[in-house]
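A.B. asks: As input, take input-v5.pdb (PDB, N, CA and C atoms, pLDDT in the B column):
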MODEL        1
ATOM      1  N   MET W  53       0.243  14.998  -3.664  1.00 97.00           N
ATOM      2  CA  MET W  53       1.397  14.297  -4.168  1.00 97.00           C
ATOM      3  C   MET W  53       0.936  13.009  -4.832  1.00 97.00           C
ATOM      4  N   LYS W  54       1.709  12.567  -5.819  1.00 98.00           N
ATOM      5  CA  LYS W  54       1.385  11.334  -6.529  1.00 98.00           C
ATOM      6  C   LYS W  54       2.280  10.213  -6.042  1.00 98.00           C
ATOM      7  N   LEU W  55       1.665   9.040  -5.835  1.00 98.00           N
ATOM      8  CA  LEU W  55       2.380   7.865  -5.365  1.00 98.00           C
ATOM      9  C   LEU W  55       2.106   6.701  -6.297  1.00 98.00           C
ATOM     10  N   ARG W  56       3.068   5.828  -6.430  1.00 98.00           N
ATOM     11  CA  ARG W  56       2.883   4.582  -7.181  1.00 98.00           C
ATOM     12  C   ARG W  56       2.699   3.482  -6.148  1.00 98.00           C
ATOM     13  N   VAL W  57       1.539   2.827  -6.155  1.00 98.00           N
ATOM     14  CA  VAL W  57       1.235   1.761  -5.209  1.00 98.00           C
ATOM     15  C   VAL W  57       1.323   0.429  -5.947  1.00 98.00           C
ATOM     16  N   ARG W  58       2.043  -0.511  -5.351  1.00 98.00           N
ATOM     17  CA  ARG W  58       2.180  -1.850  -5.931  1.00 98.00           C
ATOM     18  C   ARG W  58       1.670  -2.869  -4.929  1.00 98.00           C
ATOM     19  N   TYR W  59       1.045  -3.923  -5.451  1.00 97.00           N
ATOM     20  CA  TYR W  59       0.514  -4.999  -4.611  1.00 97.00           C
ATOM     21  C   TYR W  59       1.219  -6.303  -4.956  1.00 97.00           C
ATOM     22  N   PHE W  60       1.418  -7.159  -3.950  1.00 95.00           N
ATOM     23  CA  PHE W  60       2.109  -8.420  -4.155  1.00 95.00           C
ATOM     24  C   PHE W  60       1.325  -9.579  -3.550  1.00 95.00           C
ATOM     25  N   ALA W  61       1.590 -10.773  -4.064  1.00 93.00           N
ATOM     26  CA  ALA W  61       1.009 -12.037  -3.590  1.00 93.00           C
ATOM     27  C   ALA W  61      -0.519 -11.983  -3.666  1.00 93.00           C
ATOM     28  N   SER W  62      -1.208 -12.349  -2.592  1.00 93.00           N
ATOM     29  CA  SER W  62      -2.681 -12.404  -2.628  1.00 93.00           C
ATOM     30  C   SER W  62      -3.302 -11.028  -2.864  1.00 93.00           C
ATOM     31  N   LEU W  63      -2.627  -9.972  -2.442  1.00 96.00           N
ATOM     32  CA  LEU W  63      -3.153  -8.624  -2.687  1.00 96.00           C
ATOM     33  C   LEU W  63      -3.142  -8.320  -4.184  1.00 96.00           C
ATOM     34  N   ARG W  64      -2.106  -8.760  -4.861  1.00 96.00           N
ATOM     35  CA  ARG W  64      -2.014  -8.553  -6.309  1.00 96.00           C
ATOM     36  C   ARG W  64      -3.123  -9.317  -7.032  1.00 96.00           C
ATOM     37  N   GLU W  65      -3.384 -10.530  -6.573  1.00 95.00           N
ATOM     38  CA  GLU W  65      -4.457 -11.332  -7.180  1.00 95.00           C
ATOM     39  C   GLU W  65      -5.805 -10.644  -7.036  1.00 95.00           C
ATOM     40  N   ALA W  66      -6.030  -9.992  -5.911  1.00 95.00           N
ATOM     41  CA  ALA W  66      -7.322  -9.352  -5.646  1.00 95.00           C
ATOM     42  C   ALA W  66      -7.432  -7.943  -6.220  1.00 95.00           C
ATOM     43  N   LEU W  67      -6.330  -7.188  -6.211  1.00 97.00           N
ATOM     44  CA  LEU W  67      -6.386  -5.764  -6.553  1.00 97.00           C
ATOM     45  C   LEU W  67      -5.658  -5.392  -7.842  1.00 97.00           C
ATOM     46  N   GLY W  68      -4.925  -6.335  -8.410  1.00 97.00           N
ATOM     47  CA  GLY W  68      -4.140  -6.038  -9.600  1.00 97.00           C
ATOM     48  C   GLY W  68      -2.722  -5.675  -9.218  1.00 97.00           C
ATOM     49  N   PRO W  69      -1.890  -5.405 -10.222  1.00 97.00           N
ATOM     50  CA  PRO W  69      -0.468  -5.151  -9.947  1.00 97.00           C
ATOM     51  C   PRO W  69      -0.189  -3.832  -9.244  1.00 97.00           C
ATOM     52  N   GLY W  70      -1.043  -2.849  -9.418  1.00 96.00           N
ATOM     53  CA  GLY W  70      -0.798  -1.572  -8.763  1.00 96.00           C
ATOM     54  C   GLY W  70      -1.597  -0.457  -9.379  1.00 96.00           C
ATOM     55  N   GLU W  71      -1.355   0.741  -8.883  1.00 97.00           N
ATOM     56  CA  GLU W  71      -2.095   1.916  -9.338  1.00 97.00           C
ATOM     57  C   GLU W  71      -1.374   3.174  -8.881  1.00 97.00           C
ATOM     58  N   GLU W  72      -1.763   4.293  -9.449  1.00 97.00           N
ATOM     59  CA  GLU W  72      -1.271   5.586  -8.981  1.00 97.00           C
ATOM     60  C   GLU W  72      -2.335   6.206  -8.092  1.00 97.00           C
ATOM     61  N   VAL W  73      -1.884   6.822  -7.015  1.00 97.00           N
ATOM     62  CA  VAL W  73      -2.784   7.411  -6.028  1.00 97.00           C
ATOM     63  C   VAL W  73      -2.299   8.819  -5.730  1.00 97.00           C
ATOM     64  N   GLU W  74      -3.231   9.735  -5.534  1.00 97.00           N
ATOM     65  CA  GLU W  74      -2.889  11.103  -5.114  1.00 97.00           C
ATOM     66  C   GLU W  74      -3.349  11.313  -3.687  1.00 97.00           C
ATOM     67  N   LEU W  75      -2.458  11.846  -2.866  1.00 96.00           N
ATOM     68  CA  LEU W  75      -2.760  12.181  -1.472  1.00 96.00           C
ATOM     69  C   LEU W  75      -2.214  13.567  -1.169  1.00 96.00           C
ATOM     70  N   ALA W  76      -2.703  14.137  -0.084  1.00 96.00           N
ATOM     71  CA  ALA W  76      -2.222  15.446   0.348  1.00 96.00           C
ATOM     72  C   ALA W  76      -0.782  15.344   0.841  1.00 96.00           C
ATOM     73  N   GLU W  77      -0.025  16.398   0.676  1.00 95.00           N
ATOM     74  CA  GLU W  77       1.348  16.467   1.190  1.00 95.00           C
ATOM     75  C   GLU W  77       1.333  16.155   2.682  1.00 95.00           C
ATOM     76  N   GLY W  78       2.367  15.477   3.141  1.00 93.00           N
ATOM     77  CA  GLY W  78       2.483  15.155   4.560  1.00 93.00           C
ATOM     78  C   GLY W  78       1.779  13.870   4.965  1.00 93.00           C
ATOM     79  N   ALA W  79       1.182  13.159   4.025  1.00 97.00           N
ATOM     80  CA  ALA W  79       0.480  11.911   4.340  1.00 97.00           C
ATOM     81  C   ALA W  79       1.489  10.841   4.757  1.00 97.00           C
ATOM     82  N   THR W  80       1.009   9.883   5.510  1.00 98.00           N
ATOM     83  CA  THR W  80       1.829   8.768   5.978  1.00 98.00           C
ATOM     84  C   THR W  80       1.381   7.469   5.310  1.00 98.00           C
ATOM     85  N   LEU W  81       2.157   6.428   5.512  1.00 98.00           N
ATOM     86  CA  LEU W  81       1.789   5.120   4.990  1.00 98.00           C
ATOM     87  C   LEU W  81       0.435   4.689   5.543  1.00 98.00           C
ATOM     88  N   GLY W  82       0.190   4.927   6.813  1.00 97.00           N
ATOM     89  CA  GLY W  82      -1.104   4.580   7.419  1.00 97.00           C
ATOM     90  C   GLY W  82      -2.255   5.347   6.796  1.00 97.00           C
ATOM     91  N   ALA W  83      -2.030   6.624   6.484  1.00 98.00           N
ATOM     92  CA  ALA W  83      -3.077   7.434   5.849  1.00 98.00           C
ATOM     93  C   ALA W  83      -3.383   6.915   4.446  1.00 98.00           C
ATOM     94  N   LEU W  84      -2.350   6.465   3.744  1.00 98.00           N
ATOM     95  CA  LEU W  84      -2.571   5.884   2.417  1.00 98.00           C
ATOM     96  C   LEU W  84      -3.409   4.619   2.536  1.00 98.00           C
ATOM     97  N   ARG W  85      -3.050   3.748   3.452  1.00 98.00           N
ATOM     98  CA  ARG W  85      -3.826   2.517   3.633  1.00 98.00           C
ATOM     99  C   ARG W  85      -5.275   2.834   3.978  1.00 98.00           C
ATOM    100  N   ASP W  86      -5.496   3.787   4.881  1.00 97.00           N
ATOM    101  CA  ASP W  86      -6.863   4.179   5.239  1.00 97.00           C
ATOM    102  C   ASP W  86      -7.621   4.728   4.035  1.00 97.00           C
ATOM    103  N   ALA W  87      -6.949   5.510   3.197  1.00 97.00           N
ATOM    104  CA  ALA W  87      -7.596   6.064   2.000  1.00 97.00           C
ATOM    105  C   ALA W  87      -7.993   4.943   1.043  1.00 97.00           C
ATOM    106  N   LEU W  88      -7.141   3.946   0.905  1.00 98.00           N
ATOM    107  CA  LEU W  88      -7.455   2.822   0.024  1.00 98.00           C
ATOM    108  C   LEU W  88      -8.607   1.995   0.588  1.00 98.00           C
ATOM    109  N   VAL W  89      -8.607   1.765   1.888  1.00 98.00           N
ATOM    110  CA  VAL W  89      -9.711   1.043   2.534  1.00 98.00           C
ATOM    111  C   VAL W  89     -11.017   1.816   2.343  1.00 98.00           C
ATOM    112  N   GLY W  90     -10.932   3.147   2.396  1.00 97.00           N
ATOM    113  CA  GLY W  90     -12.106   3.997   2.246  1.00 97.00           C
ATOM    114  C   GLY W  90     -12.784   3.883   0.889  1.00 97.00           C
ATOM    115  N   ARG W  91     -12.100   3.309  -0.080  1.00 95.00           N
ATOM    116  CA  ARG W  91     -12.711   3.097  -1.393  1.00 95.00           C
ATOM    117  C   ARG W  91     -13.798   2.025  -1.340  1.00 95.00           C
ATOM    118  N   GLY W  92     -13.727   1.178  -0.326  1.00 97.00           N
ATOM    119  CA  GLY W  92     -14.696   0.095  -0.203  1.00 97.00           C
ATOM    120  C   GLY W  92     -14.334  -1.080  -1.093  1.00 97.00           C
ATOM    121  N   GLY W  93     -15.258  -2.012  -1.226  1.00 97.00           N
ATOM    122  CA  GLY W  93     -15.073  -3.162  -2.101  1.00 97.00           C
ATOM    123  C   GLY W  93     -13.861  -3.993  -1.744  1.00 97.00           C
ATOM    124  N   ARG W  94     -13.150  -4.449  -2.769  1.00 97.00           N
ATOM    125  CA  ARG W  94     -11.984  -5.320  -2.575  1.00 97.00           C
ATOM    126  C   ARG W  94     -10.862  -4.618  -1.810  1.00 97.00           C
ATOM    127  N   HIS W  95     -10.685  -3.312  -2.037  1.00 97.00           N
ATOM    128  CA  HIS W  95      -9.655  -2.577  -1.289  1.00 97.00           C
ATOM    129  C   HIS W  95      -9.942  -2.665   0.212  1.00 97.00           C
ATOM    130  N   ALA W  96     -11.197  -2.428   0.595  1.00 97.00           N
ATOM    131  CA  ALA W  96     -11.559  -2.471   2.012  1.00 97.00           C
ATOM    132  C   ALA W  96     -11.363  -3.867   2.581  1.00 97.00           C
ATOM    133  N   GLU W  97     -11.707  -4.861   1.811  1.00 96.00           N
ATOM    134  CA  GLU W  97     -11.568  -6.244   2.270  1.00 96.00           C
ATOM    135  C   GLU W  97     -10.099  -6.641   2.426  1.00 96.00           C
ATOM    136  N   MET W  98      -9.292  -6.368   1.426  1.00 97.00           N
ATOM    137  CA  MET W  98      -7.917  -6.856   1.407  1.00 97.00           C
ATOM    138  C   MET W  98      -6.946  -6.029   2.267  1.00 97.00           C
ATOM    139  N   LEU W  99      -7.240  -4.751   2.476  1.00 97.00           N
ATOM    140  CA  LEU W  99      -6.337  -3.881   3.234  1.00 97.00           C
ATOM    141  C   LEU W  99      -6.888  -3.494   4.605  1.00 97.00           C
ATOM    142  N   ALA W 100      -7.976  -4.128   5.027  1.00 97.00           N
ATOM    143  CA  ALA W 100      -8.620  -3.810   6.309  1.00 97.00           C
ATOM    144  C   ALA W 100      -7.612  -3.871   7.451  1.00 97.00           C
ATOM    145  N   ARG W 101      -7.812  -3.053   8.442  1.00 93.00           N
ATOM    146  CA  ARG W 101      -6.895  -2.978   9.582  1.00 93.00           C
ATOM    147  C   ARG W 101      -6.772  -4.307  10.327  1.00 93.00           C
ATOM    148  N   GLY W 102      -7.781  -5.152  10.277  1.00 91.00           N
ATOM    149  CA  GLY W 102      -7.714  -6.447  10.953  1.00 91.00           C
ATOM    150  C   GLY W 102      -6.877  -7.480  10.214  1.00 91.00           C
ATOM    151  N   ARG W 103      -6.473  -7.178   9.001  1.00 94.00           N
ATOM    152  CA  ARG W 103      -5.681  -8.112   8.198  1.00 94.00           C
ATOM    153  C   ARG W 103      -4.190  -7.819   8.355  1.00 94.00           C
ATOM    154  N   ALA W 104      -3.414  -8.881   8.329  1.00 93.00           N
ATOM    155  CA  ALA W 104      -1.954  -8.727   8.407  1.00 93.00           C
ATOM    156  C   ALA W 104      -1.440  -8.300   7.036  1.00 93.00           C
ATOM    157  N   VAL W 105      -1.041  -7.046   6.934  1.00 96.00           N
ATOM    158  CA  VAL W 105      -0.505  -6.488   5.692  1.00 96.00           C
ATOM    159  C   VAL W 105       0.744  -5.702   6.046  1.00 96.00           C
ATOM    160  N   ARG W 106       1.815  -5.945   5.328  1.00 96.00           N
ATOM    161  CA  ARG W 106       3.061  -5.205   5.531  1.00 96.00           C
ATOM    162  C   ARG W 106       3.169  -4.122   4.473  1.00 96.00           C
ATOM    163  N   GLY W 107       3.968  -3.112   4.766  1.00 97.00           N
ATOM    164  CA  GLY W 107       4.174  -2.032   3.814  1.00 97.00           C
ATOM    165  C   GLY W 107       5.645  -1.683   3.674  1.00 97.00           C
ATOM    166  N   ALA W 108       5.996  -1.181   2.507  1.00 97.00           N
ATOM    167  CA  ALA W 108       7.351  -0.713   2.249  1.00 97.00           C
ATOM    168  C   ALA W 108       7.267   0.568   1.432  1.00 97.00           C
ATOM    169  N   VAL W 109       8.193   1.469   1.686  1.00 98.00           N
ATOM    170  CA  VAL W 109       8.280   2.726   0.936  1.00 98.00           C
ATOM    171  C   VAL W 109       9.643   2.759   0.274  1.00 98.00           C
ATOM    172  N   ASP W 110       9.641   2.881  -1.030  1.00 98.00           N
ATOM    173  CA  ASP W 110      10.880   2.875  -1.814  1.00 98.00           C
ATOM    174  C   ASP W 110      11.760   1.682  -1.446  1.00 98.00           C
ATOM    175  N   GLN W 111      11.119   0.514  -1.337  1.00 96.00           N
ATOM    176  CA  GLN W 111      11.766  -0.777  -1.114  1.00 96.00           C
ATOM    177  C   GLN W 111      12.396  -0.927   0.262  1.00 96.00           C
ATOM    178  N   VAL W 112      11.925  -0.149   1.229  1.00 97.00           N
ATOM    179  CA  VAL W 112      12.379  -0.265   2.611  1.00 97.00           C
ATOM    180  C   VAL W 112      11.149  -0.493   3.486  1.00 97.00           C
ATOM    181  N   MET W 113      11.178  -1.549   4.307  1.00 96.00           N
ATOM    182  CA  MET W 113      10.051  -1.834   5.194  1.00 96.00           C
ATOM    183  C   MET W 113       9.712  -0.590   6.016  1.00 96.00           C
ATOM    184  N   ALA W 114       8.413  -0.360   6.213  1.00 97.00           N
ATOM    185  CA  ALA W 114       7.987   0.856   6.907  1.00 97.00           C
ATOM    186  C   ALA W 114       6.765   0.566   7.766  1.00 97.00           C
ATOM    187  N   ASP W 115       6.574   1.401   8.793  1.00 96.00           N
ATOM    188  CA  ASP W 115       5.367   1.289   9.606  1.00 96.00           C
ATOM    189  C   ASP W 115       4.382   2.383   9.205  1.00 96.00           C
ATOM    190  N   ASP W 116       3.213   2.372   9.828  1.00 96.00           N
ATOM    191  CA  ASP W 116       2.145   3.301   9.452  1.00 96.00           C
ATOM    192  C   ASP W 116       2.533   4.772   9.593  1.00 96.00           C
ATOM    193  N   GLY W 117       3.477   5.084  10.452  1.00 97.00           N
ATOM    194  CA  GLY W 117       3.871   6.470  10.668  1.00 97.00           C
ATOM    195  C   GLY W 117       4.861   7.013   9.645  1.00 97.00           C
ATOM    196  N   GLN W 118       5.308   6.174   8.728  1.00 98.00           N
ATOM    197  CA  GLN W 118       6.302   6.594   7.735  1.00 98.00           C
ATOM    198  C   GLN W 118       5.753   7.703   6.841  1.00 98.00           C
ATOM    199  N   PRO W 119       6.382   8.863   6.824  1.00 98.00           N
ATOM    200  CA  PRO W 119       5.940   9.932   5.916  1.00 98.00           C
ATOM    201  C   PRO W 119       6.205   9.532   4.465  1.00 98.00           C
ATOM    202  N   LEU W 120       5.340   9.973   3.592  1.00 98.00           N
ATOM    203  CA  LEU W 120       5.481   9.708   2.163  1.00 98.00           C
ATOM    204  C   LEU W 120       5.901  10.977   1.451  1.00 98.00           C
ATOM    205  N   ARG W 121       6.570  10.813   0.314  1.00 97.00           N
ATOM    206  CA  ARG W 121       6.998  11.957  -0.485  1.00 97.00           C
ATOM    207  C   ARG W 121       6.438  11.798  -1.891  1.00 97.00           C
ATOM    208  N   ASP W 122       6.337  12.879  -2.595  1.00 97.00           N
ATOM    209  CA  ASP W 122       5.866  12.842  -3.970  1.00 97.00           C
ATOM    210  C   ASP W 122       6.749  11.907  -4.796  1.00 97.00           C
ATOM    211  N   GLY W 123       6.129  11.037  -5.569  1.00 97.00           N
ATOM    212  CA  GLY W 123       6.859  10.123  -6.424  1.00 97.00           C
ATOM    213  C   GLY W 123       7.297   8.831  -5.762  1.00 97.00           C
ATOM    214  N   ALA W 124       6.971   8.649  -4.494  1.00 98.00           N
ATOM    215  CA  ALA W 124       7.387   7.436  -3.783  1.00 98.00           C
ATOM    216  C   ALA W 124       6.699   6.203  -4.355  1.00 98.00           C
ATOM    217  N   GLU W 125       7.383   5.079  -4.243  1.00 98.00           N
ATOM    218  CA  GLU W 125       6.793   3.784  -4.580  1.00 98.00           C
ATOM    219  C   GLU W 125       6.441   3.103  -3.265  1.00 98.00           C
ATOM    220  N   VAL W 126       5.172   2.745  -3.130  1.00 98.00           N
ATOM    221  CA  VAL W 126       4.694   2.092  -1.921  1.00 98.00           C
ATOM    222  C   VAL W 126       4.245   0.685  -2.289  1.00 98.00           C
ATOM    223  N   ALA W 127       4.667  -0.284  -1.506  1.00 97.00           N
ATOM    224  CA  ALA W 127       4.277  -1.669  -1.742  1.00 97.00           C
ATOM    225  C   ALA W 127       3.511  -2.213  -0.538  1.00 97.00           C
ATOM    226  N   PHE W 128       2.460  -2.959  -0.829  1.00 97.00           N
ATOM    227  CA  PHE W 128       1.702  -3.666   0.213  1.00 97.00           C
ATOM    228  C   PHE W 128       1.755  -5.145  -0.111  1.00 97.00           C
ATOM    229  N   PHE W 129       1.954  -5.963   0.941  1.00 94.00           N
ATOM    230  CA  PHE W 129       2.026  -7.407   0.736  1.00 94.00           C
ATOM    231  C   PHE W 129       1.721  -8.101   2.054  1.00 94.00           C
ATOM    232  N   PRO W 130       1.260  -9.365   1.972  1.00 92.00           N
ATOM    233  CA  PRO W 130       1.030 -10.123   3.207  1.00 92.00           C
ATOM    234  C   PRO W 130       2.364 -10.550   3.803  1.00 92.00           C
ATOM    235  N   PRO W 131       2.393 -10.802   5.115  1.00 88.00           N
ATOM    236  CA  PRO W 131       3.624 -11.305   5.720  1.00 88.00           C
ATOM    237  C   PRO W 131       3.996 -12.640   5.073  1.00 88.00           C
ATOM    238  N   VAL W 132       5.273 -12.887   4.970  1.00 74.00           N
ATOM    239  CA  VAL W 132       5.754 -14.107   4.321  1.00 74.00           C
ATOM    240  C   VAL W 132       6.654 -14.844   5.306  1.00 74.00           C
ATOM    241  N   THR W 133       6.484 -16.152   5.353  1.00 53.00           N
ATOM    242  CA  THR W 133       7.392 -16.955   6.176  1.00 53.00           C
ATOM    243  C   THR W 133       8.239 -17.803   5.244  1.00 53.00           C
ATOM    244  N   GLY W 134       9.442 -17.980   5.631  1.00 55.00           N
ATOM    245  CA  GLY W 134      10.348 -18.785   4.812  1.00 55.00           C
ATOM    246  C   GLY W 134      10.758 -20.041   5.552  1.00 55.00           C
ATOM    247  N   GLY W 135      11.421 -20.898   4.857  1.00 53.00           N
ATOM    248  CA  GLY W 135      11.852 -22.100   5.553  1.00 53.00           C
ATOM    249  C   GLY W 135      12.813 -22.885   4.734  1.00 53.00           C
TER     250      GLY W 135
ENDMDL
END
Any chance you could put this one into structure tokens?

C.D. replies:
Amino acid sequence: MKLRVRYFASLREALGPGEEVELAEGATLGALRDALVGRGGRHAEMLARGRAVRGAVDQVMADDGQPLRDGAEVAFFPPVTGG
């Protein structure tokens, strides 16, 4: 399945605005993150499991177990505090 991945804030600065990614049917948000980390380099650094990174699928906050569908838009961004 094809997914549109978008990055925001510091992730966007490091990785660019986004990219298209292909994964096997039935993949989850966590599997996508692991696949991106597996690329090494900046992806591994910025999306590493030890880093605080939030995810959303089709503009709805999601956890690692969220199933993905073909054509989904996935966003990764650092946690944000407001005030």

A.B. asks: Would you mind writing down, as a list in words, each residue of chain W that DSSP on the backbone assigns to strand (DSSP E or B)?

C.D. replies: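 Restricting chain W to strand (DSSP E or B) produces Lys54, Leu55, Arg56, Val57, Arg58, Tyr59, Gly70, Glu71, Glu72, Val73, Glu74, Thr80, Arg106, Gly107, Ala108, Val109, Val112, Met113, Ala114, Pro119, Glu125, Val126, Ala127, Phe128 and Phe129 of chain W.
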
A.B. asks: Given the file shown, enumerate the residues that the PyMOL selection byres ((chain W and resi 58-60) around 8) captures and present them as a ChimeraX atom specification.

C.D. replies: /W:55-57,61-72,125-130

A.B. asks: Just the helix (DSSP H, G or I) stuff from chain W, please, per backbone DSSP, written as a ChimeraX atom specification.

C.D. replies: /W:62-67,81-89,93-99

A.B. asks: Skip Leu81 (chain W) itself and residues of its chain fewer than 4 positions away, then list as a count of residues only all residues within 6 Å of it, counting only N, CA and C atoms.

C.D. replies: 7

A.B. asks: Taking all atoms listed in the file into account, which of W:Ala76, W:Val132, W:Ala83, W:Leu88 comes nearest Arg106 (chain W)?

C.D. replies: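 Closest residue, counting all atoms listed in the file: W:Val132.
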
A.B. asks: If we count only C-alpha atoms and set the cut-off at 8 Å, which residues sit around Lys54 (chain W), ignoring sequence neighbours fewer than 5 positions away in its own chain? Please answer as a list in words.

C.D. replies: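 Near neighbours after the sequence-gap exclusion: Glu72, Val73, Glu74, Leu75, Asp122, Gly123 and Ala124 of chain W.
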
A.B. asks: Please produce a file of the residues just selected, as a CSV table (one decimal), in the frame of the given file, where the atoms kept are N, CA and C atoms.

C.D. replies:
chain,number,residue,atom,x,y,z
W,72,GLU,N,-1.8,4.3,-9.4
W,72,GLU,CA,-1.3,5.6,-9.0
W,72,GLU,C,-2.3,6.2,-8.1
W,73,VAL,N,-1.9,6.8,-7.0
W,73,VAL,CA,-2.8,7.4,-6.0
W,73,VAL,C,-2.3,8.8,-5.7
W,74,GLU,N,-3.2,9.7,-5.5
W,74,GLU,CA,-2.9,11.1,-5.1
W,74,GLU,C,-3.3,11.3,-3.7
W,75,LEU,N,-2.5,11.8,-2.9
W,75,LEU,CA,-2.8,12.2,-1.5
W,75,LEU,C,-2.2,13.6,-1.2
W,122,ASP,N,6.3,12.9,-2.6
W,122,ASP,CA,5.9,12.8,-4.0
W,122,ASP,C,6.7,11.9,-4.8
W,123,GLY,N,6.1,11.0,-5.6
W,123,GLY,CA,6.9,10.1,-6.4
W,123,GLY,C,7.3,8.8,-5.8
W,124,ALA,N,7.0,8.6,-4.5
W,124,ALA,CA,7.4,7.4,-3.8
W,124,ALA,C,6.7,6.2,-4.4

A.B. asks: Rounded to one decimal in Å, what is the spacing between atom N of Ala87 (chain W) and atom N of Met53 (chain W)?

C.D. replies: 13.7 Å

A.B. asks: Could you tell me how far atom C of Arg101 (chain W) sits from atom C of Asp86 (chain W), in Å to one decimal place?

C.D. replies: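 For atom C of Asp86 (chain W) relative to atom C of Arg101 (chain W), the distance reads 11.0 Å.
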
A.B. asks: Just the number, please: distance in Å from atom C of Pro131 (chain W) to CA of Gly78 (chain W), one decimal.

C.D. replies: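 Separating atom C of Pro131 (chain W) from CA of Gly78 (chain W) is a distance of 27.8 Å.
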
A.B. asks: Fix up region 61-74 of chain W with N, CA, C and O atoms, then write it as an mmCIF file, in the coordinates of the input.

C.D. replies:
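Wrote it out as selection_20.cif, contents follow:
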data_model
loop_
_atom_site.group_PDB
_atom_site.id
_atom_site.type_symbol
_atom_site.label_atom_id
_atom_site.label_comp_id
_atom_site.auth_asym_id
_atom_site.auth_seq_id
_atom_site.Cartn_x
_atom_site.Cartn_y
_atom_site.Cartn_z
ATOM 1 N N ALA W 61 1.590 -10.773 -4.064
ATOM 2 C CA ALA W 61 1.009 -12.037 -3.590
ATOM 3 C C ALA W 61 -0.519 -11.983 -3.666
ATOM 4 O O ALA W 61 -1.065 -11.593 -4.697
ATOM 5 N N SER W 62 -1.208 -12.349 -2.592
ATOM 6 C CA SER W 62 -2.681 -12.404 -2.628
ATOM 7 C C SER W 62 -3.302 -11.028 -2.864
ATOM 8 O O SER W 62 -4.383 -10.931 -3.457
ATOM 9 N N LEU W 63 -2.627 -9.972 -2.442
ATOM 10 C CA LEU W 63 -3.153 -8.624 -2.687
ATOM 11 C C LEU W 63 -3.142 -8.320 -4.184
ATOM 12 O O LEU W 63 -4.079 -7.724 -4.713
ATOM 13 N N ARG W 64 -2.106 -8.760 -4.861
ATOM 14 C CA ARG W 64 -2.014 -8.553 -6.309
ATOM 15 C C ARG W 64 -3.123 -9.317 -7.032
ATOM 16 O O ARG W 64 -3.709 -8.828 -7.984
ATOM 17 N N GLU W 65 -3.384 -10.530 -6.573
ATOM 18 C CA GLU W 65 -4.457 -11.332 -7.180
ATOM 19 C C GLU W 65 -5.805 -10.644 -7.036
ATOM 20 O O GLU W 65 -6.637 -10.706 -7.937
ATOM 21 N N ALA W 66 -6.030 -9.992 -5.911
ATOM 22 C CA ALA W 66 -7.322 -9.352 -5.646
ATOM 23 C C ALA W 66 -7.432 -7.943 -6.220
ATOM 24 O O ALA W 66 -8.509 -7.534 -6.664
ATOM 25 N N LEU W 67 -6.330 -7.188 -6.211
ATOM 26 C CA LEU W 67 -6.386 -5.764 -6.553
ATOM 27 C C LEU W 67 -5.658 -5.392 -7.842
ATOM 28 O O LEU W 67 -5.728 -4.247 -8.283
ATOM 29 N N GLY W 68 -4.925 -6.335 -8.410
ATOM 30 C CA GLY W 68 -4.140 -6.038 -9.600
ATOM 31 C C GLY W 68 -2.722 -5.675 -9.218
ATOM 32 O O GLY W 68 -2.363 -5.616 -8.046
ATOM 33 N N PRO W 69 -1.890 -5.405 -10.222
ATOM 34 C CA PRO W 69 -0.468 -5.151 -9.947
ATOM 35 C C PRO W 69 -0.189 -3.832 -9.244
ATOM 36 O O PRO W 69 0.806 -3.689 -8.547
ATOM 37 N N GLY W 70 -1.043 -2.849 -9.418
ATOM 38 C CA GLY W 70 -0.798 -1.572 -8.763
ATOM 39 C C GLY W 70 -1.597 -0.457 -9.379
ATOM 40 O O GLY W 70 -2.413 -0.672 -10.282
ATOM 41 N N GLU W 71 -1.355 0.741 -8.883
ATOM 42 C CA GLU W 71 -2.095 1.916 -9.338
ATOM 43 C C GLU W 71 -1.374 3.174 -8.881
ATOM 44 O O GLU W 71 -0.479 3.116 -8.044
ATOM 45 N N GLU W 72 -1.763 4.293 -9.449
ATOM 46 C CA GLU W 72 -1.271 5.586 -8.981
ATOM 47 C C GLU W 72 -2.335 6.206 -8.092
ATOM 48 O O GLU W 72 -3.529 6.114 -8.380
ATOM 49 N N VAL W 73 -1.884 6.822 -7.015
ATOM 50 C CA VAL W 73 -2.784 7.411 -6.028
ATOM 51 C C VAL W 73 -2.299 8.819 -5.730
ATOM 52 O O VAL W 73 -1.098 9.063 -5.655
ATOM 53 N N GLU W 74 -3.231 9.735 -5.534
ATOM 54 C CA GLU W 74 -2.889 11.103 -5.114
ATOM 55 C C GLU W 74 -3.349 11.313 -3.687
ATOM 56 O O GLU W 74 -4.484 10.991 -3.341
#
